[in-house]
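Source file: entry_17.csv. Holds: CSV, C-alpha atoms.
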chain,number,residue,atom,x,y,z
A,1,MET,CA,-62.8,94.1,-82.4
A,2,SER,CA,-60.6,91.8,-84.4
A,3,GLY,CA,-61.2,90.8,-88.0
A,4,GLY,CA,-62.0,87.2,-86.9
A,5,SER,CA,-64.7,88.4,-84.4
A,6,ARG,CA,-66.3,90.7,-87.1
A,7,PHE,CA,-66.4,87.7,-89.5
A,8,ARG,CA,-68.1,85.5,-86.9
A,9,GLN,CA,-70.7,88.1,-86.1
A,10,GLY,CA,-71.4,88.7,-89.8
A,11,TRP,CA,-71.7,85.0,-90.4
A,12,GLN,CA,-74.0,84.5,-87.5
A,13,ARG,CA,-76.2,87.4,-88.7
A,14,LEU,CA,-76.3,85.8,-92.2
A,15,VAL,CA,-77.3,82.4,-90.7
A,16,ARG,CA,-80.1,84.0,-88.7
A,17,ILE,CA,-81.4,85.9,-91.8
A,18,THR,CA,-81.3,82.7,-93.9
A,19,GLU,CA,-83.1,80.7,-91.2
A,20,GLY,CA,-85.8,83.4,-91.0
A,21,LEU,CA,-86.3,83.4,-94.8
A,22,LEU,CA,-86.5,79.6,-94.8
A,23,SER,CA,-89.0,79.6,-91.9
A,24,ALA,CA,-91.1,82.2,-93.7
A,25,SER,CA,-91.3,80.0,-96.8
A,26,LYS,CA,-92.7,77.1,-94.8
A,27,SER,CA,-96.3,76.5,-93.9
A,28,ALA,CA,-97.8,75.5,-90.5
A,29,CYS,CA,-99.6,72.2,-90.3
A,30,THR,CA,-103.3,72.8,-89.5
A,31,ALA,CA,-103.5,69.8,-87.2
A,32,CYS,CA,-100.3,69.9,-85.1
A,33,GLY,CA,-98.7,73.3,-86.0
A,34,GLY,CA,-95.5,71.7,-87.3
A,35,ARG,CA,-93.8,73.2,-90.3
A,36,TYR,CA,-93.6,71.8,-93.8
A,37,SER,CA,-92.2,73.2,-97.0
A,38,LYS,CA,-93.8,71.4,-99.9
A,39,HIS,CA,-96.9,72.9,-101.5
A,40,ARG,CA,-99.9,70.5,-101.2
A,41,GLU,CA,-103.6,70.6,-101.3
A,42,LEU,CA,-104.1,69.6,-97.7
A,43,PRO,CA,-102.2,71.9,-95.2
A,44,LEU,CA,-100.7,69.0,-93.2
A,45,CYS,CA,-97.1,68.1,-92.4
A,46,ASP,CA,-95.7,64.8,-93.5
A,47,ALA,CA,-96.5,63.0,-90.2
A,48,CYS,CA,-100.1,64.1,-90.0
A,49,LEU,CA,-100.7,63.4,-93.7
A,50,GLU,CA,-99.4,59.9,-93.4
A,51,ALA,CA,-101.6,59.3,-90.3
A,52,VAL,CA,-104.9,60.1,-92.1
A,53,PRO,CA,-106.8,56.8,-92.4
A,54,TRP,CA,-108.3,57.3,-95.8
A,55,ILE,CA,-111.1,54.9,-96.9
A,56,LEU,CA,-109.8,53.7,-100.2
A,57,GLN,CA,-112.0,50.7,-100.8
A,58,VAL,CA,-115.5,50.0,-99.5
A,59,ARG,CA,-116.9,46.6,-98.5
A,60,CYS,CA,-120.5,47.7,-98.0
A,61,GLU,CA,-121.8,49.3,-101.2
A,62,ARG,CA,-124.7,51.0,-99.4
A,63,CYS,CA,-123.0,52.8,-96.5
A,64,GLY,CA,-119.4,52.8,-97.7
A,65,ARG,CA,-118.0,50.9,-94.7
A,66,PRO,CA,-114.5,49.4,-95.5
A,67,ASP,CA,-115.2,46.3,-93.4
A,68,HIS,CA,-118.1,44.0,-92.5
A,69,CYS,CA,-121.3,45.9,-92.0
A,70,THR,CA,-124.4,44.7,-90.1
A,71,ASP,CA,-126.2,48.0,-89.8
A,72,CYS,CA,-127.4,48.0,-93.4
A,73,LEU,CA,-128.5,44.3,-93.2
A,74,ARG,CA,-130.6,45.1,-90.1
A,75,ARG,CA,-132.3,48.2,-91.5
A,76,ARG,CA,-135.9,47.5,-92.6
A,77,ASP,CA,-136.3,50.4,-95.1
A,78,THR,CA,-133.4,52.4,-96.6
A,79,PHE,CA,-134.3,55.7,-98.2
A,80,PHE,CA,-130.9,56.9,-99.3
A,81,VAL,CA,-129.0,55.5,-102.3
A,82,GLN,CA,-125.6,55.2,-100.7
A,83,ASN,CA,-123.1,56.9,-98.4
A,84,ARG,CA,-119.4,57.5,-98.8
A,85,SER,CA,-117.0,58.7,-96.1
A,86,ALA,CA,-113.5,60.1,-96.5
A,87,VAL,CA,-111.8,58.6,-93.4
A,88,ALA,CA,-112.1,55.9,-90.8
A,89,TYR,CA,-113.1,57.3,-87.4
A,90,SER,CA,-109.8,56.7,-85.7
A,91,PRO,CA,-108.7,58.2,-82.3
A,92,LEU,CA,-106.7,60.9,-84.2
A,93,MET,CA,-109.7,61.8,-86.4
A,94,LYS,CA,-111.8,62.1,-83.2
A,95,GLU,CA,-109.3,64.6,-81.9
A,96,TRP,CA,-109.4,66.7,-85.0
A,97,LEU,CA,-113.2,66.7,-85.1
A,98,ALA,CA,-113.4,67.7,-81.4
A,99,LEU,CA,-111.1,70.6,-82.0
A,100,PHE,CA,-113.4,71.7,-84.8
A,101,LYS,CA,-116.8,71.1,-83.2
A,102,TYR,CA,-116.2,72.0,-79.6
A,103,ARG,CA,-113.2,74.4,-79.6
A,104,GLY,CA,-113.9,76.3,-82.8
A,105,HIS,CA,-110.6,75.6,-84.6
A,106,GLU,CA,-111.5,77.5,-87.7
A,107,LYS,CA,-108.7,76.2,-89.9
A,108,LEU,CA,-109.9,72.7,-89.4
A,109,ARG,CA,-113.1,73.6,-91.2
A,110,GLN,CA,-111.2,74.2,-94.4
A,111,LEU,CA,-109.1,71.0,-93.9
A,112,ILE,CA,-112.0,68.7,-93.2
A,113,GLY,CA,-114.2,70.3,-95.9
A,114,THR,CA,-111.4,69.7,-98.4
A,115,MET,CA,-111.1,66.1,-97.3
A,116,LEU,CA,-114.7,65.6,-98.1
A,117,LEU,CA,-113.7,65.8,-101.8
A,118,HIS,CA,-112.4,62.2,-101.4
A,119,ALA,CA,-115.8,60.9,-100.4
A,120,TYR,CA,-117.4,62.9,-103.2
A,121,HIS,CA,-115.0,61.3,-105.7
A,122,LEU,CA,-115.8,57.8,-104.3
A,123,HIS,CA,-119.4,58.5,-105.3
A,124,ARG,CA,-118.3,59.7,-108.7
A,125,SER,CA,-116.0,56.7,-109.4
A,126,GLY,CA,-118.8,54.3,-108.4
A,127,ALA,CA,-121.2,56.1,-110.9
A,128,GLU,CA,-118.6,55.7,-113.7
A,129,ASP,CA,-118.1,52.0,-112.9
A,130,MET,CA,-121.9,51.5,-113.3
A,131,ASN,CA,-121.9,53.6,-116.5
A,132,GLU,CA,-124.3,56.1,-115.0
A,133,GLN,CA,-125.6,58.6,-117.5
A,134,PRO,CA,-124.6,62.2,-116.5
A,135,THR,CA,-128.2,63.4,-116.4
A,136,PHE,CA,-128.4,64.3,-112.7
A,137,ARG,CA,-128.3,67.8,-111.4
A,138,GLU,CA,-126.1,67.8,-108.3
A,139,LEU,CA,-126.9,69.7,-105.2
A,140,ILE,CA,-125.6,69.7,-101.6
A,141,THR,CA,-127.4,70.1,-98.4
A,142,TYR,CA,-126.7,69.2,-94.8
A,143,VAL,CA,-128.0,67.6,-91.6
A,144,PRO,CA,-129.6,70.5,-89.5
A,145,LEU,CA,-129.0,71.1,-85.8
A,146,SER,CA,-131.7,72.0,-83.3
A,147,ARG,CA,-131.9,75.6,-82.3
A,148,GLU,CA,-130.6,74.7,-78.8
A,149,ARG,CA,-127.6,72.8,-80.1
A,150,GLN,CA,-126.7,75.6,-82.6
A,151,LEU,CA,-126.9,78.2,-79.8
A,152,GLU,CA,-124.7,76.0,-77.6
A,153,ARG,CA,-122.1,75.4,-80.3
A,154,GLY,CA,-122.4,78.7,-82.2
A,155,PHE,CA,-122.4,77.0,-85.6
A,156,ASN,CA,-123.6,73.9,-87.5
A,157,GLN,CA,-120.5,71.9,-88.4
A,158,ALA,CA,-122.3,70.0,-91.1
A,159,GLN,CA,-123.4,73.2,-92.8
A,160,GLN,CA,-119.8,74.6,-92.7
A,161,LEU,CA,-118.5,71.4,-94.2
A,162,ALA,CA,-121.2,71.4,-96.9
A,163,GLU,CA,-120.2,75.0,-97.8
A,164,GLU,CA,-116.5,74.1,-98.0
A,165,LEU,CA,-117.3,71.1,-100.2
A,166,GLY,CA,-119.6,73.0,-102.4
A,167,LYS,CA,-117.0,75.7,-103.0
A,168,ARG,CA,-114.4,73.2,-103.9
A,169,ALA,CA,-116.6,70.9,-106.1
A,170,GLY,CA,-118.5,73.8,-107.7
A,171,ILE,CA,-121.9,72.4,-106.5
A,172,PRO,CA,-124.7,74.7,-105.1
A,173,VAL,CA,-125.5,74.3,-101.4
A,174,ILE,CA,-129.1,74.7,-100.2
A,175,PRO,CA,-130.6,74.7,-96.7
A,176,LEU,CA,-133.4,72.1,-97.0
A,177,LEU,CA,-134.2,70.5,-93.6
A,178,GLU,CA,-134.9,71.8,-90.1
A,179,ARG,CA,-135.3,70.0,-86.8
A,180,THR,CA,-138.8,70.0,-85.3
A,181,ARG,CA,-137.5,69.3,-81.8
A,182,HIS,CA,-134.3,69.0,-79.8
A,183,THR,CA,-132.8,65.6,-79.2
A,184,ASP,CA,-129.9,64.5,-77.0
A,185,LYS,CA,-126.6,63.6,-78.5
A,186,GLN,CA,-126.9,60.5,-80.7
A,187,SER,CA,-123.3,59.3,-79.9
A,188,PHE,CA,-124.4,58.1,-76.4
A,189,LYS,CA,-127.4,56.1,-77.6
A,190,THR,CA,-128.0,52.6,-78.7
A,191,ARG,CA,-129.1,51.8,-82.3
A,192,GLY,CA,-132.7,51.3,-81.2
A,193,ASP,CA,-132.7,54.5,-79.2
A,194,ARG,CA,-131.4,56.4,-82.2
A,195,LEU,CA,-134.1,55.0,-84.4
A,196,GLU,CA,-136.9,55.9,-82.0
A,197,ASP,CA,-135.5,59.3,-81.1
A,198,LEU,CA,-135.2,60.4,-84.7
A,199,GLN,CA,-138.7,59.5,-85.8
A,200,GLY,CA,-140.3,62.6,-87.3
A,201,VAL,CA,-137.5,64.9,-86.1
A,202,PHE,CA,-136.9,66.5,-89.5
A,203,ALA,CA,-139.1,68.7,-91.7
A,204,LEU,CA,-138.6,70.3,-95.1
A,205,ILE,CA,-138.1,74.1,-95.2
A,206,PRO,CA,-141.1,75.2,-97.3
A,207,ALA,CA,-139.4,77.7,-99.6
A,208,SER,CA,-136.5,75.3,-100.3
A,209,ALA,CA,-138.9,72.4,-100.9
A,210,ILE,CA,-140.8,74.5,-103.5
A,211,ALA,CA,-137.6,75.5,-105.3
A,212,LEU,CA,-136.3,71.9,-105.3
A,213,LYS,CA,-139.6,70.6,-106.6
A,214,GLN,CA,-139.4,73.0,-109.5
A,215,LEU,CA,-135.8,71.9,-110.3
A,216,ALA,CA,-136.7,68.2,-110.2
A,217,ALA,CA,-139.5,68.8,-112.8
A,218,TYR,CA,-136.8,69.4,-115.4
A,219,SER,CA,-134.2,66.7,-114.4
A,220,PRO,CA,-133.6,64.2,-111.6
A,221,ILE,CA,-131.5,65.6,-108.7
A,222,LYS,CA,-128.7,63.9,-106.9
A,223,LEU,CA,-128.8,65.4,-103.5
A,224,TYR,CA,-125.7,65.0,-101.3
A,225,MET,CA,-126.6,65.1,-97.6
A,226,ILE,CA,-123.5,66.2,-95.5
A,227,ASP,CA,-122.7,65.2,-92.0
A,228,ASP,CA,-119.5,64.9,-90.0
A,229,VAL,CA,-119.8,61.3,-88.9
A,230,TYR,CA,-121.7,58.3,-90.1
A,231,THR,CA,-122.3,55.8,-87.3
A,232,THR,CA,-125.4,53.6,-87.9
A,233,GLY,CA,-126.9,55.6,-90.8
A,234,SER,CA,-130.0,56.4,-88.7
A,235,THR,CA,-129.7,60.2,-89.2
A,236,LEU,CA,-129.0,60.0,-92.9
A,237,ASN,CA,-131.9,57.6,-93.4
A,238,GLU,CA,-134.4,59.8,-91.5
A,239,CYS,CA,-133.3,62.8,-93.5
A,240,ALA,CA,-133.7,60.9,-96.8
A,241,LYS,CA,-137.1,59.6,-95.7
A,242,THR,CA,-138.2,63.2,-95.0
A,243,VAL,CA,-137.1,64.4,-98.4
A,244,ARG,CA,-138.5,61.5,-100.4
A,245,ARG,CA,-141.8,61.5,-98.6
A,246,GLU,CA,-142.7,64.9,-100.1
A,247,LEU,CA,-140.5,65.3,-103.1
A,248,GLU,CA,-140.2,63.2,-106.3
A,249,GLY,CA,-137.2,62.9,-108.5
A,250,ILE,CA,-134.7,63.4,-105.6
A,251,HIS,CA,-132.0,60.8,-105.1
A,252,VAL,CA,-130.3,61.2,-101.7
A,253,TYR,CA,-126.7,60.3,-101.2
A,254,GLY,CA,-124.7,60.7,-98.0
A,255,ILE,CA,-121.3,62.3,-97.7
A,256,SER,CA,-119.7,62.1,-94.3
A,257,TRP,CA,-116.2,62.9,-93.2
A,258,ALA,CA,-115.7,59.9,-91.0
A,259,ARG,CA,-117.1,56.3,-90.9

Represent the supplied structure as structure tokens.
Amino acid sequence: MSGGSRFRQGWQRLVRITEGLLSASKSACTACGGRYSKHRELPLCDACLEAVPWILQVRCERCGRPDHCTDCLRRRDTFFVQNRSAVAYSPLMKEWLALFKYRGHEKLRQLIGTMLLHAYHLHRSGAEDMNEQPTFRELITYVPLSRERQLERGFNQAQQLAEELGKRAGIPVIPLLERTRHTDKQSFKTRGDRLEDLQGVFALIPASAIALKQLAAYSPIKLYMIDDVYTTGSTLNECAKTVRRELEGIHVYGISWAR
């Protein structure tokens, strides 16, 4: 073998080793699998990160919608203080949520749960604007699934997101509500059907209710109710109604990933 051939083989080997080291230093995008090299809080490549439709400003102070809202105007009684969502429910966000909920893409749990921090900070910034006194004790809970739905899916996505948010925000997560009956998927129903179908569907878990009542005796509680998507607010409102019907000193706030 000539000296030139040995040099070329050695150079090619060095290039392959270097490419391998560079590839190993890169991370895989949770959403698309693409590679990126910069360290960042959200494990997304540049393209996916730029495609996230963050909600940066809200138009409806009640539900956190970034555009004109009619749902809050039509609601007769509102039992929650306000809701804030992290992103607009774009076609891409629907794809991500479907991968998480229906195909068990475990890494998306961590991604979406971390994204909920944005909605949490929207709540916090609003409280600072109103000069709210920091006297509230913060707790996190979540919208429960029926036993049938949990068996079908294998997990409660709202519970998993609540646990991720609680871990990152340093806020305790408690199971507070249970469903008294199974209901069909709300996404296929009209607003009126949602309201009728959700009447009395939630109940407090007795042990959790007792513990929460004891805590509320010492200081008011800001309770964040976690769900994946806020559509009309019917689910959040019914959850808040169930809590406030039996417990005093509890202020229910919604946090959803998408709006």

### Task
Tell me, in Å to one decimal, how far CA of Leu236 in chain A is from CA of Lys107 in chain A.
26.1 Å

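Using only C-alpha atoms, the smallest distance between any of A:Arg181, A:Arg103, A:Arg75, A:His121 and Gly154 in chain A comes from A:Arg103.
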
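The residue that comes closest to Thr232 in chain A, out of A:Glu178, A:Glu61, A:Asp46, A:Asp71 and on the basis of only C-alpha atoms, is A:Asp71.
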
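Of the residues under consideration (A:Ile255, A:Ala162, A:Ile171, A:Leu97), A:Ile255 shows the shortest atom-to-atom contact distance to Arg62 in chain A when counting only C-alpha atoms.
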
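For the residues A:Met115, A:Cys72, A:Leu198, A:Leu42, ranking by smallest atom-to-atom distance to Ile55 in chain A using all atoms listed in the file places A:Met115 first.
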
### Message
For Trp54 in chain A, find every residue with an atom within 10 Å (counting all atoms listed in the file), except residues of its own chain fewer than 5 positions away, and show them as a VMD selection string.
### Response
chain A and resid 49 85 to 89 115 118 to 119 258

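In this model, the gap between CA of Gln199 in chain A and CA of Tyr230 in chain A comes to 17.6 Å.
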
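Of the residues under consideration (A:Asp228, A:Asp77, A:Glu50, A:Glu163), A:Glu163 shows the shortest atom-to-atom contact distance to Gln110 in chain A when counting all atoms listed in the file.
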
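Proximity to Gly33 in chain A was assessed for A:Leu116, A:Leu139, A:Ala47, A:Leu204 counting all atoms listed in the file; the smallest distance is recorded for A:Ala47.
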
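Residues with any atom within 10 Å of the point (-137.8, 72.8, -96.9), counting only C-alpha atoms, are Ile174, Pro175, Leu176, Leu177, Glu178, Phe202, Ala203, Leu204, Ile205, Pro206, Ala207, Ser208, Ala209, Ile210, Ala211, Leu212, Thr242, Val243 and Glu246 of chain A.
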
#### Entry: Spatial neighbours of Leu111 in chain A, 10 Å, all atoms listed in the file, chain gap at least 2 places, as number ranges by chain
A: 30-31, 41-44, 96, 106-109, 113-116, 161, 164

### Message
Give me, as a PyMOL selection string, all polymer residues having an atom no more than 10 Å from Phe136 in chain A, counting all atoms listed in the file and skipping those fewer than 4 positions away in the same chain.
### Response
chain A and resi 132+216+219-223+249-251

### Message
Using only C-alpha atoms, list the residues that have an atom at most 9 Å from (-115.1, 40.4, -99.4), coordinates as in the file, as JSON, numbers by chain.
### Response
{"A": [59, 67, 68]}

Using the selection just defined, write its residues with C-alpha atoms as a tab-separated table (two decimals), in the coordinates of the input.
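Result file out05.tsv:
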chain	number	residue	atom	x	y	z
A	59	ARG	CA	-116.90	46.60	-98.50
A	67	ASP	CA	-115.20	46.30	-93.40
A	68	HIS	CA	-118.10	44.00	-92.50

### Message
What's the separation between CA of Gly104 in chain A and CA of Glu152 in chain A, in Å to one decimal place?
### Response
12.0 Å

#### Entry: 10 Å contact set for His123 in chain A, all atoms listed in the file, chain neighbours under 3 positions out, as a list in words
Gly64, Gln82, Asn83, Arg84, Ser85, Leu117, His118, Ala119, Tyr120, Gly126, Ala127, Glu128, Tyr224, Tyr253, Gly254 and Ile255 of chain A
